[in-house]
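Before any comments, here is the structure.
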Protein chains: 2
Amino acid sequence: MKHTLTWIVGPTDDPHRIPSKFVPATVPGAVQLDWARAYGWPQTEYDPDLSKYAWMEDAFWLYRATLDWLPPAGQRVFFVCQGVDYRCEVRLEGRALHAQEGMFTPIELDITDLAPIGATLEVLVFPAPKSHDAPADRTQANQSCKPAVAYGWDFHPRLIPLGIWDDAYLEARPATHIRAAELTYALSDDFSRADLALDVALSQMPDAGMRLRWQIVAPNGEVVHEQLVTPDAAMIRLRHEAHQPALWWPHDHGDQPLYTSLIELWAADGEAIDRRQARFGFRRVRLVTHPTQWQEIAPYDFPKGRHTSPITLEVNGWRIFARGTNWVTPSLFPGALAEAHYREQLALVKAAHMNIVRCWGGANVQKEAFFDLCDELGIMVWQEFPLACNRYEGTPAYLRVLDQESRAIIRRVRRHPSLALWCGGNELFNDWSRMTDQDLALRLLDRNCYDLDPHTPFLMTSPAMGMVHGGYFFRNPKSVEVYQYFAESRATAYTEFGVPALADVEVLRQIIPAEELWPPRPGTQWETRHAFRAWMPDSWLDLPTLEDYFGPIADLESLVACAQWLQSEGLKTIYEEARRQKPTCAMALCWVLNEPWPTAANNSLISWPTRPKPALHAVAQACRPVLASARIPKFSWRAGENLSVQLFMLNDSPDPLVPGYVDVWLETEAGRLTIGDWRFEGGAANENIAGPTLDVILPAMQAARFTLGLDVVGKPEWSSRYELLFRRA
Amino acid sequence: MKHTLTWIVGPTDDPHRIPSKFVPATVPGAVQLDWARAYGWPQTEYDPDLSKYAWMEDAFWLYRATLDWLPPAGQRVFFVCQGVDYRCEVRLEGRALHAQEGMFTPIELDITDLAPIGATLEVLVFPAPKSHDAPADRTQANQSCKPAVAYGWDFHPRLIPLGIWDDAYLEARPATHIRAAELTYALSDDFSRADLALDVALSQMPDAGMRLRWQIVAPNGEVVHEQLVTPDAAMIRLRHEAHQPALWWPHDHGDQPLYTSLIELWAADGEAIDRRQARFGFRRVRLVTHPTQWQEIAPYDFPKGRHTSPITLEVNGWRIFARGTNWVTPSLFPGALAEAHYREQLALVKAAHMNIVRCWGGANVQKEAFFDLCDELGIMVWQEFPLACNRYEGTPAYLRVLDQESRAIIRRVRRHPSLALWCGGNELFNDWSRMTDQDLALRLLDRNCYDLDPHTPFLMTSPAMGMVHGGYFFRNPKSVEVYQYFAESRATAYTEFGVPALADVEVLRQIIPAEELWPPRPGTQWETRHAFRAWMPDSWLDLPTLEDYFGPIADLESLVACAQWLQSEGLKTIYEEARRQKPTCAMALCWVLNEPWPTAANNSLISWPTRPKPALHAVAQACRPVLASARIPKFSWRAGENLSVQLFMLNDSPDPLVPGYVDVWLETEAGRLTIGDWRFEGGAANENIAGPTLDVILPAMQAARFTLGLDVVGKPEWSSRYELLFRRA
């Protein structure tokens, strides 16, 4: 039985001094939101000036609630808090009960004997952790498990949330209750058997006559296993051998059968006095080496290095091309996120034919609702620990917190069948981070994953050997387009790549004052909203590139359309090129799905909160399990040039490809021009077919845009379109 | 107090049947040696036909001894065995006391109450582990911790030793005694302080009045710390903070101060009833990234991968170029090795200016005497676990043994300051092994090293990313010489490379019957002794290459001289080229120092048992801490060709290079021809200097050999010579 408390919160400079001012607190939430609400500030996401929040990161914040509840007679009362961001002390009647650093480790305190009705419960939240005062950037997070993104990123303003960010409540429990019930399983090689183990921890030695009942409920609601045992110790391992378990699959490969494990503690009279239940699924995920690896090595060709790190996902024995996206935090305030936010965005992910999200290490590990939804929707999760783009030195103090936090994360998330991959963090082996395989922090994470979840793959960082991140431009600084530089790349996985675009005009009108709207200029809200100098001078509104392609652009609507065109075609090209490189390449994950506040421009597919840019539709086209695809040499064309198109049928589906026929054509304002056709033989399940290269001399045209079409006869759902630029000048 | 037993040993097909025949056993040793001795077989290493040993690998072997000793009154008696190769059961009066798989886990059994005088103690050794019957090769070792080399290798005949391979004895101990005393320490960043911890495990709760005395004795014999405590538990951690500890260095960088930790258990009356002592040293080893890493990466140059794995050794904060060699097993029978064998070979290593040996994972982990000597001599040790060139699948049974064995290895070796690096095993990420970073066996090893010895670097395998192995030819299969293919390579470490040579004529006469000696032919003892078809058809006597360079060769002496010339010049070239590539390159370790039996030809620098080939001298020249070095385009020259020589001063020493002057000349039968000179400025400690390239048109000459000389004026110890081939045809 749970009871919710009513909280107030206030800031103080001195942890031993009561705040002079309290405001009502929403729990879960963030102190910044409470303060802004109380003072009538504009909604944070639309506030043109976030500097008013700056002082908050350095204050102590005291949450306070009055204990206004008595548990049923004979029960004990616990204060339970799933997460305090970031460092805290829990006090009862002014006395410190518990101190903790780290937002992912739940707190459970038995306060029965300490808490008379009317007593004051407090949670003191410490200032945001900083390893140094200057520079005031992400490097301040390099000795903590506080997600680094909030210290400022190219898509995130500096605003460091603090506070009780996950559920907090009082809970009544019998004296003997279930402290934990953790389910693990191992699948046999042929998937015909699962050996389950349920580790039950009771709060104390059970009374005589107490029993534990373990039920496993199948997806159809049927109880497929039931076991009644008399526990003779406080820690008990129950075992069960399940036969022919239904396997969980990513949505593009099968169903998502979810089982429930239910453990009840029965008193001697048979009354169920406590219970725990958890949903889970059966799946085996491995990272395997791409099958072309060995063909590339000539025998006796020395000196010889090692092969690349395996990055091909194999689920239930089946190689699966990972089509997906990076996921950052969808809000400046992780504590404000609820199931509905996750549901809306994950529905878009699934609708875009994506089967994986990479939960990037710069942001926080999402709440349980996120993983529950991924389980249901058949979306795999690549989960990183909270390390990103920093050198996290393995000092004893840091390792201690990382150990505690990573164990809490692993123990919470490992039951989810959607979990496909643990990763130490983002870009830790690049020159801006300079960590290495020898770093104790990463060896610790590998150790903890091995100890607690050995059968889920672990990567120290992305990119690992053979993988790449970037680019983040339609054209790179050498003016080479994505069409070329991805075709020339040979990576095992593209786990970040992006093309920036402006937000829709309506979004821009919400965040940029009318007088600054046109033309976009640095030093205005355009810059505040990351159109300029967010990374490079022209990030993320690349005016020079836009004007180079499109000439002088007349108005905001045209500018938005041009930028979104580049993003749509650029991302489509990259996804399809990565897929054409299968099986050497095994992943294409764009940077990035979402953003935590409305930017004027960045690489996201969705403007905050959940407004798709046109590129999301383009990506959905490129991520269809089966499609006709064209390798196109470039974006911008002139009359008389030879447009040379190599054809492919891309097939990531578990079904063989039936034979078919592709019509290839150009469409201009003058009508449709047939280029040629390709009659393709069938192909194996999950295998692409490469087709011929067709050439056409480009005719002169009036419009600045033309369409290349690939029509799969009788299969319009496999047909593709590419929108290219025609230049008269 | 220890007592040595007298053993006999005999084979049996059935572990429950007593052998029909016993022979006297030498312990430590191997059953094969005992059997051969008893039957008067030829010395194994010179036996032309090892097929007589074949049956032994599949037999059970029963060691038997009679307990002929009573411990002093009141003491308990233990049977202690440091290692049984490979799986065993210990029996007393026919009753099984203990069963174990794994040669590295010591056995200690309290047999006081079970062992009347005259009782029979037996050690049953199981047949050699094999994961399958065919093929009968190294892959049979892929599910055990048995070193794979004995299953047959290009330098090792198939002969799988079995038996008690390390010390075994009875030991009297008081009821309360020291079960273990394990010392660990952490050095402060500036090396001014060491925090020591001694974990003492007593056999039981100490009696009232018992005390523990801990002494630390400095290298000069002075007791620098003494501590007397009254233990109140069976497990006690003692701590000590040492100030300004003397640091252990590789021999080319400093001294090897060795401390001793001595713990005594005192009875209430002050009598020392038990003691443990261990020698140790203070050093901090890290693997760091080579400093040129970051210069190679252009900003915004996407897509971007990760940097290479760090492989530059940093000892006590000082980067040290690793000049060394691979170390296999110096005997077919690891149990027959003793301190003297190690001492002789390690003295050669040190004299060759090498500062590291890589103890290759195909062979076994050496006995303690080896590490003690390396500690004393200042030779760093790269220690691999017993995995090599196989796919060691992470089955539960295998992981259980690997866990136990790796923990035993780590706990034994970690105290040695010479230990520089743990490594999972040899060439596990190559196409003949096909393991990956995801393999549970390697994650387990990383976990155990992290848990038990976190401050010593850990590599999953060699080569890691950026590193290379090979080649193993003077010319590769594309007929490119080592002069070119190493100059074109850009590796972070060359951790295996070799050039084969014949053994000396005297060795050949010992192992090849006179009638087969000339000419060398496949199908004779030349092949048995690995001159042909040991790897490629012409391994390791590459007649086609020799005849291509030298024409028809008249006799054995000339053949040996030619092969040894190629090995000497080839290895010198590779070592020097690797050093010229510093700091990008950080290691040069040749394949291989030693061999376990006399081969006719292979890559070793030493013929069994300890007979240096001329290449050892050449390598010693190339490994001098400071030398003048020439990058030479090729080995074989004709009159009129332009010999173009790039000059370097190589400096791996901790001292700055003083300015100097190099004279460069050719010497032919006609006398000395000056090519030019180079006056070099001084250089920093541990840094090379690149010099000019000098050219000379090669004159005609009569001899088939000429010398290129680099004389450092006033520093003859830095001067270098290269012996090159002149071809008249």
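In the structure tokens, each chain is lettered A, B, ... as it comes, each chain's residues begin at 1, and ligands are numbered from 1 in order of appearance.
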
Practice prompt. Using only C-alpha atoms, determine which residues lie at most 7 Å from range 23-37 of chain A, disregarding the query and same-chain residues fewer than 4 positions distant; provide the list as a ChimeraX atom specification.
Written response: /A:7-10,41,161-167,333,335-336

I need the chosen residues saved as a PDB file, in the first residue's frame, with N, CA and C atoms.
ATOM      1  N   TRP A   7       4.687  17.863  -1.063  1.00  0.00           N
ATOM      2  CA  TRP A   7       6.029  18.411  -0.872  1.00  0.00           C
ATOM      3  C   TRP A   7       6.063  19.911  -1.135  1.00  0.00           C
ATOM      4  N   ILE A   8       6.966  20.552  -0.424  1.00  0.00           N
ATOM      5  CA  ILE A   8       7.371  21.914  -0.777  1.00  0.00           C
ATOM      6  C   ILE A   8       8.879  21.881  -0.943  1.00  0.00           C
ATOM      7  N   VAL A   9       9.403  22.893  -1.604  1.00  0.00           N
ATOM      8  CA  VAL A   9      10.853  22.918  -1.821  1.00  0.00           C
ATOM      9  C   VAL A   9      11.337  24.362  -1.816  1.00  0.00           C
ATOM     10  N   GLY A  10      12.552  24.560  -1.339  1.00  0.00           N
ATOM     11  CA  GLY A  10      13.114  25.907  -1.346  1.00  0.00           C
ATOM     12  C   GLY A  10      14.624  25.858  -1.389  1.00  0.00           C
ATOM     13  N   TRP A  41       6.995  32.445 -14.069  1.00  0.00           N
ATOM     14  CA  TRP A  41       7.899  32.632 -15.206  1.00  0.00           C
ATOM     15  C   TRP A  41       7.292  31.994 -16.458  1.00  0.00           C
ATOM     16  N   PRO A 161      19.147  20.337 -14.392  1.00  0.00           N
ATOM     17  CA  PRO A 161      18.018  20.036 -13.519  1.00  0.00           C
ATOM     18  C   PRO A 161      18.480  19.391 -12.223  1.00  0.00           C
ATOM     19  N   LEU A 162      17.745  19.659 -11.189  1.00  0.00           N
ATOM     20  CA  LEU A 162      17.991  19.061  -9.872  1.00  0.00           C
ATOM     21  C   LEU A 162      16.650  18.702  -9.256  1.00  0.00           C
ATOM     22  N   GLY A 163      16.650  17.730  -8.368  1.00  0.00           N
ATOM     23  CA  GLY A 163      15.425  17.455  -7.631  1.00  0.00           C
ATOM     24  C   GLY A 163      15.027  15.992  -7.631  1.00  0.00           C
ATOM     25  N   ILE A 164      13.887  15.717  -7.041  1.00  0.00           N
ATOM     26  CA  ILE A 164      13.357  14.348  -7.001  1.00  0.00           C
ATOM     27  C   ILE A 164      12.767  14.081  -8.380  1.00  0.00           C
ATOM     28  N   TRP A 165      13.447  13.231  -9.133  1.00  0.00           N
ATOM     29  CA  TRP A 165      13.081  13.114 -10.557  1.00  0.00           C
ATOM     30  C   TRP A 165      12.308  11.844 -10.868  1.00  0.00           C
ATOM     31  N   ASP A 166      12.152  10.974  -9.869  1.00  0.00           N
ATOM     32  CA  ASP A 166      11.343   9.771 -10.124  1.00  0.00           C
ATOM     33  C   ASP A 166      10.430   9.562  -8.916  1.00  0.00           C
ATOM     34  N   ASP A 167       9.569   8.574  -8.989  1.00  0.00           N
ATOM     35  CA  ASP A 167       8.527   8.408  -7.973  1.00  0.00           C
ATOM     36  C   ASP A 167       9.077   8.383  -6.550  1.00  0.00           C
ATOM     37  N   PHE A 333      13.935  18.468 -18.529  1.00  0.00           N
ATOM     38  CA  PHE A 333      13.699  17.971 -17.180  1.00  0.00           C
ATOM     39  C   PHE A 333      13.278  16.504 -17.225  1.00  0.00           C
ATOM     40  N   GLY A 335      12.735  14.548 -15.033  1.00  0.00           N
ATOM     41  CA  GLY A 335      11.725  14.259 -14.017  1.00  0.00           C
ATOM     42  C   GLY A 335      10.315  14.588 -14.468  1.00  0.00           C
ATOM     43  N   ALA A 336      10.202  15.400 -15.499  1.00  0.00           N
ATOM     44  CA  ALA A 336       8.870  15.796 -15.962  1.00  0.00           C
ATOM     45  C   ALA A 336       8.323  14.823 -16.999  1.00  0.00           C
TER      46      ALA A 336
END

Worksheet item: How would you write, as a ChimeraX atom specification, the set of residues in range 97-202 of chain B that DSSP gives as strand (DSSP E or B)?
Response: /B:97-101,107-110,120-125,153,156,163-164,168-173,178-187,193-202

Discussion item. Residues of chain B within 7 Å of chain A, counting only C-alpha atoms - could you list those as a PyMOL selection string?
Written reply: chain B and resi 287+294+302-307+309-310+429-431+436-438+443+447+450+457-458+463-471

Worksheet item: Per DSSP on the backbone, what are the alpha helix (DSSP H) residues of range 319-412 of chain B, as a ChimeraX atom specification?
Response: /B:339-351,368-377,396-412

Worksheet item: Could you name the residues that touch Asp652 in chain A at 10 Å or less, counting only C-alpha atoms, but leaving out those on the same chain fewer than 2 positions away, as JSON, numbers by chain?
Response: {"A": [252, 253, 319, 320, 321, 322, 323, 579, 582, 623, 624, 625, 626, 627, 649, 650, 654, 655, 656, 657, 685, 686, 687, 688]}

With C-alpha atoms retained, export the selected residues as a compact mmCIF listing (two decimals), in the first residue's frame.
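Output saved as selection34.txt:
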# COMPACT_ATOMS: atom_id res chain seq x y z
CA ASP A 252 10.04 -6.02 -37.99
CA HIS A 253 10.95 -9.66 -37.33
CA ARG A 319 21.13 -11.25 -38.01
CA ILE A 320 19.20 -8.03 -37.88
CA PHE A 321 20.20 -4.81 -39.58
CA ALA A 322 19.75 -2.05 -37.04
CA ARG A 323 17.80 0.82 -38.55
CA ARG A 579 21.93 -0.57 -45.97
CA LYS A 582 25.16 -4.73 -45.66
CA CYS A 623 13.88 2.37 -43.40
CA ARG A 624 11.14 0.27 -45.00
CA PRO A 625 12.20 -3.37 -44.58
CA VAL A 626 12.06 -3.84 -48.35
CA LEU A 627 12.58 -1.12 -50.95
CA MET A 649 16.68 -4.12 -53.87
CA LEU A 650 17.23 -3.78 -50.14
CA PRO A 654 12.75 -12.17 -42.61
CA ASP A 655 11.01 -13.08 -45.87
CA PRO A 656 12.72 -13.99 -49.11
CA LEU A 657 12.41 -11.41 -51.84
CA ALA A 685 15.53 -13.44 -46.68
CA ASN A 686 17.49 -10.58 -45.15
CA GLU A 687 19.74 -10.20 -48.21
CA ASN A 688 20.05 -7.33 -50.63

Worksheet item: Within 6 Å of range 123-128 of chain B, counting only C-alpha atoms, which residues qualify if same-chain residues fewer than 3 places away don't, as an MDAnalysis selection string?
Response: chainID B and resid 57:63 87:90
